[in-house]
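Notes follow the structure.
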Amino acid sequence: MAVHGTHNAVQDDRNDKVLIYINGELFPRDEAKISVFDSGYLVGDGVWEALRLHEGVLVFLDEHLDRLWQGAATVGMDLKMTRQELVDKIWTTLRANDMHDGVHVRFMVTRGIKKTPSQDPRLTVSGPNLVIIPEYKLASPDSRGRGVTLFTSTIRRGSPDYLDPRLNCHSKLHEVMALVQAIEAGADEALMLDIHGFVATCNATNFFMVTKGEVWTSTGQYCMNGITRGKVIKVANDAGIPCQQKNFSLFDVYGADEAFVTGTFGGLTPVVKVDGRLIGVGQSGPMTERLTALYRAEIERAVVAAKGDA
């Protein structure tokens with residue numbers, strides 16, 4: 001089955017030979033393994049981040065580290081390293097692979113190895129497990145050109161009092177279930193509502209709509225704490241584009257002029273249909289294009305600033 005969505009990447013054979021970092025050692029891709037007693041594998045007990053290496057710079061690094069440390073604090077996990085130590089390990093991995101540009105880096109920290117399968121953190125018998133996976137990954141231009149279709153899942157984004165949606169953790173089963181529903185309905189990805197029935201987010205990206213020259217996204221209470229989402233809000237505000245974080249429903253979405261989703265990997269990707277209804281003219285609209293250009297300029301500013309500080 002052909003896969004189409006916001007995480008489609010251009011095929012790059014160099015990824016067959018990348019080295020994966022696991023707890024201080026580097027392994028060829030097909031030899032990179034972790035114990036079946038790992039907390040992340042057993043009960044989804046871990047936090048993770050993903051960022052891009054662009055022109056020798058890890059883009060928006062501080063924001064990603066802030067989110068990782070906040071996530072670890074939320075789940076009560078001592079990462080056993082400083083921010084700089086983690087950054088050094090990421091650069092060790094990138095240099096070992098001679099990587100400089102067009103790279104997507106995912107780093108994951110789990111609570112560690114368990115003595116026996118259990119949720120109980122007191123049965124952890126090792127320090128945290130750190131895995132760093134760098135890949136040459138460029139978003140497929142076909143995905144952006146075609147746009148994506150969404151299906152509204154019956155799986156809701158959870159309330160902050162039992163699993164805050166802002167937590168970037170390994171427990172993603174509810175999002176997988178939402179995506180499965182969307183795929184079975186013939187869509188590319190899932191749109192998810194909050195517990196009150198308002199539009200919250202997608203299964204792996206954040207959702208925006210455009211109406212009458214205004215950009216709307218959710219309040220942020222029930223959606224992923226997206227770095228790209230925050231940057232799009234920032235560049236819109238800087239450019240004087242009305243951008244509201246508010247409650248809105250499918251009623252509003254179905255009548256939108258444009259819609260798009262955001263994520264670290266794909267940036268901004270147009271949404272052309274929601275639940276079978278054509279959004280606008282069914283392709284990337286002028287506001288989406290303008291915000292895409294502004295977001296790319298923000299990345300370039302970050303790269304220039306990072307190189308200036310080096």
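Following the order of the structure tokens, first chain is A, next is B, and so on, with residues numbered from 1 inside each chain and ligands from 1 in the order they appear.
Using only C-alpha atoms, the protein and nucleic acid residues lying no more than 12 Å from His54 (chain A), apart from those fewer than 3 places from it along its own chain, are Leu51, Val57, Leu58, Val59, Phe60, Leu61, Met99, His100, Asp101, Gly102, Val103, His104, Val105, Tyr136, Lys137, Leu138, Thr264, Phe265, Arg296, Ile299, Glu300, Arg301, Ala302, Val303, Val304, Ala306 and Lys307 of chain A.
Using only C-alpha atoms, the contacts of Leu250 (chain A) at a cut-off of 10 Å, with sequence neighbours closer than 5 positions omitted, comprise Thr152, Leu191, Leu193, Gly197, Phe198, Val199, Gly255, Ala256, Val274 and Asp275 of chain A.
Using only C-alpha atoms, the smallest distance between any of A:Val232, A:Val281, A:Cys223, A:Glu289 and Leu163 (chain A) comes from A:Cys223.
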| field | Counting only C-alpha atoms, the option among A:Asp142, A:Ser249, A:Val18, A:Thr269 closest to Arg95 (chain A) | value | A:Val18
| request: List the neighbours of Pro121 (chain A) out to 10 Å using only C-alpha atoms; skip same-chain residues closer than 6 positions along the sequence, and give me the result as a ChimeraX atom specification. | output: /A:39,45,76-77,111-114
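Residues surrounding Phe260 (chain A) within 8 Å are Phe207, Phe208, Met209, Glu258, Thr262, Leu268, Thr269, Pro270, Val271 and Thr288 of chain A [only C-alpha atoms; sequence separation below 2 positions excluded].
Taking only C-alpha atoms into account, Cys169 (chain A) lies nearest to A:Thr110 out of the set A:Thr110, A:Gln283, A:Gln245, A:Gln84.
Shell of Arg144 (chain A) at 9 Å, with only C-alpha atoms counted and residues fewer than 2 places along the chain excluded, is Gly5, Thr6, Ala139, Ser140, Pro141, Asp142, Arg146, Gly147, Val148, Gly266, Leu268, Thr269, Pro270 and Ser284 of chain A.
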| said: Could you list, as a ChimeraX atom specification, every residue within 12 Å of Lys89 (chain A), counting only C-alpha atoms and ignoring same-chain residues fewer than 3 positions away? | reply: /A:20-26,81-86,92-96,105,107,130-134
For the selection you just gave me, I'd like the residues written to a file as a short mmCIF file (atom, residue, chain, number, x, y, z; two decimals), in the first residue's frame, keeping N, CA, C and O atoms.
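result32.cif written:
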```cif
data_model
loop_
_atom_site.label_atom_id
_atom_site.label_comp_id
_atom_site.auth_asym_id
_atom_site.auth_seq_id
_atom_site.Cartn_x
_atom_site.Cartn_y
_atom_site.Cartn_z
N ILE A 20 23.98 4.35 14.66
CA ILE A 20 23.00 4.69 15.69
C ILE A 20 23.70 4.71 17.05
O ILE A 20 24.46 3.80 17.38
N TYR A 21 23.44 5.76 17.81
CA TYR A 21 24.03 5.89 19.15
C TYR A 21 23.14 5.19 20.17
O TYR A 21 21.93 5.45 20.26
N ILE A 22 23.73 4.31 20.97
CA ILE A 22 23.02 3.67 22.08
C ILE A 22 23.94 3.67 23.30
O ILE A 22 24.95 2.95 23.33
N ASN A 23 23.61 4.51 24.27
CA ASN A 23 24.32 4.52 25.55
C ASN A 23 25.85 4.57 25.40
O ASN A 23 26.58 3.78 26.00
N GLY A 24 26.32 5.50 24.58
CA GLY A 24 27.77 5.69 24.48
C GLY A 24 28.46 4.91 23.39
O GLY A 24 29.66 5.09 23.17
N GLU A 25 27.75 4.03 22.70
CA GLU A 25 28.34 3.25 21.62
C GLU A 25 27.60 3.53 20.32
O GLU A 25 26.42 3.87 20.31
N LEU A 26 28.31 3.34 19.21
CA LEU A 26 27.73 3.53 17.89
C LEU A 26 27.61 2.18 17.19
O LEU A 26 28.58 1.40 17.18
N MET A 81 22.04 13.45 32.97
CA MET A 81 23.01 14.19 32.15
C MET A 81 22.55 15.62 32.05
O MET A 81 21.37 15.94 32.27
N THR A 82 23.49 16.47 31.74
CA THR A 82 23.16 17.88 31.54
C THR A 82 22.73 18.10 30.09
O THR A 82 22.94 17.23 29.22
N ARG A 83 22.17 19.26 29.84
CA ARG A 83 21.80 19.60 28.47
C ARG A 83 23.02 19.57 27.56
O ARG A 83 22.96 19.03 26.45
N GLN A 84 24.14 20.14 28.03
CA GLN A 84 25.33 20.17 27.19
C GLN A 84 25.86 18.76 26.93
O GLN A 84 26.34 18.47 25.82
N GLU A 85 25.78 17.88 27.92
CA GLU A 85 26.23 16.51 27.71
C GLU A 85 25.39 15.82 26.64
O GLU A 85 25.91 15.07 25.81
N LEU A 86 24.08 16.06 26.65
CA LEU A 86 23.23 15.47 25.62
C LEU A 86 23.59 16.05 24.24
O LEU A 86 23.70 15.30 23.26
N THR A 92 28.42 14.03 18.58
CA THR A 92 29.29 12.86 18.38
C THR A 92 28.70 11.93 17.34
O THR A 92 29.41 11.43 16.45
N THR A 93 27.40 11.73 17.42
CA THR A 93 26.71 10.85 16.48
C THR A 93 26.72 11.44 15.08
O THR A 93 26.97 10.73 14.08
N LEU A 94 26.46 12.73 14.98
CA LEU A 94 26.42 13.38 13.66
C LEU A 94 27.81 13.37 13.01
O LEU A 94 27.95 13.11 11.80
N ARG A 95 28.83 13.65 13.81
CA ARG A 95 30.19 13.68 13.25
C ARG A 95 30.64 12.27 12.83
O ARG A 95 31.34 12.12 11.81
N ALA A 96 30.24 11.27 13.59
CA ALA A 96 30.60 9.90 13.22
C ALA A 96 29.98 9.51 11.88
O ALA A 96 30.52 8.67 11.15
N VAL A 105 17.05 14.25 13.24
CA VAL A 105 17.64 13.54 14.38
C VAL A 105 16.55 13.27 15.43
O VAL A 105 15.92 14.21 15.92
N PHE A 107 16.01 11.66 19.18
CA PHE A 107 16.70 11.13 20.35
C PHE A 107 15.67 10.79 21.42
O PHE A 107 14.74 11.55 21.68
N LEU A 130 19.64 5.95 26.39
CA LEU A 130 19.61 7.02 25.39
C LEU A 130 19.91 6.45 24.02
O LEU A 130 20.93 5.79 23.81
N VAL A 131 18.99 6.69 23.09
CA VAL A 131 19.17 6.27 21.70
C VAL A 131 19.07 7.51 20.82
O VAL A 131 18.16 8.33 20.98
N ILE A 132 20.01 7.65 19.89
CA ILE A 132 20.01 8.77 18.95
C ILE A 132 20.03 8.20 17.54
O ILE A 132 20.95 7.46 17.17
N ILE A 133 19.01 8.54 16.76
CA ILE A 133 18.89 8.04 15.38
C ILE A 133 18.93 9.22 14.42
O ILE A 133 17.98 9.99 14.33
N PRO A 134 20.05 9.39 13.71
CA PRO A 134 20.12 10.45 12.69
C PRO A 134 19.85 9.85 11.31
O PRO A 134 20.34 8.77 10.98
#
```
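Using only C-alpha atoms, the smallest distance between any of A:Ala50, A:Ala72, A:Ala190, A:Val10 and Thr228 (chain A) comes from A:Ala50.
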| field | For Leu19 (chain A), the nearest of the candidates A:Arg67, A:Lys80, A:His7, A:Lys33, counting only C-alpha atoms | value | A:Lys33
| task | Return as a PyMOL selection string the full set of residues in region 55-222 of chain A whose backbone-based DSSP assignment is helix (DSSP H, G or I). | result | chain A and resi 61-75+83-96+121-123+141-146+173-184
| remark: Asn8 (chain A) proximity check over A:Ser153, A:Ser143, A:Asn203, A:Gln181, using only C-alpha atoms: winner is A:Ser143
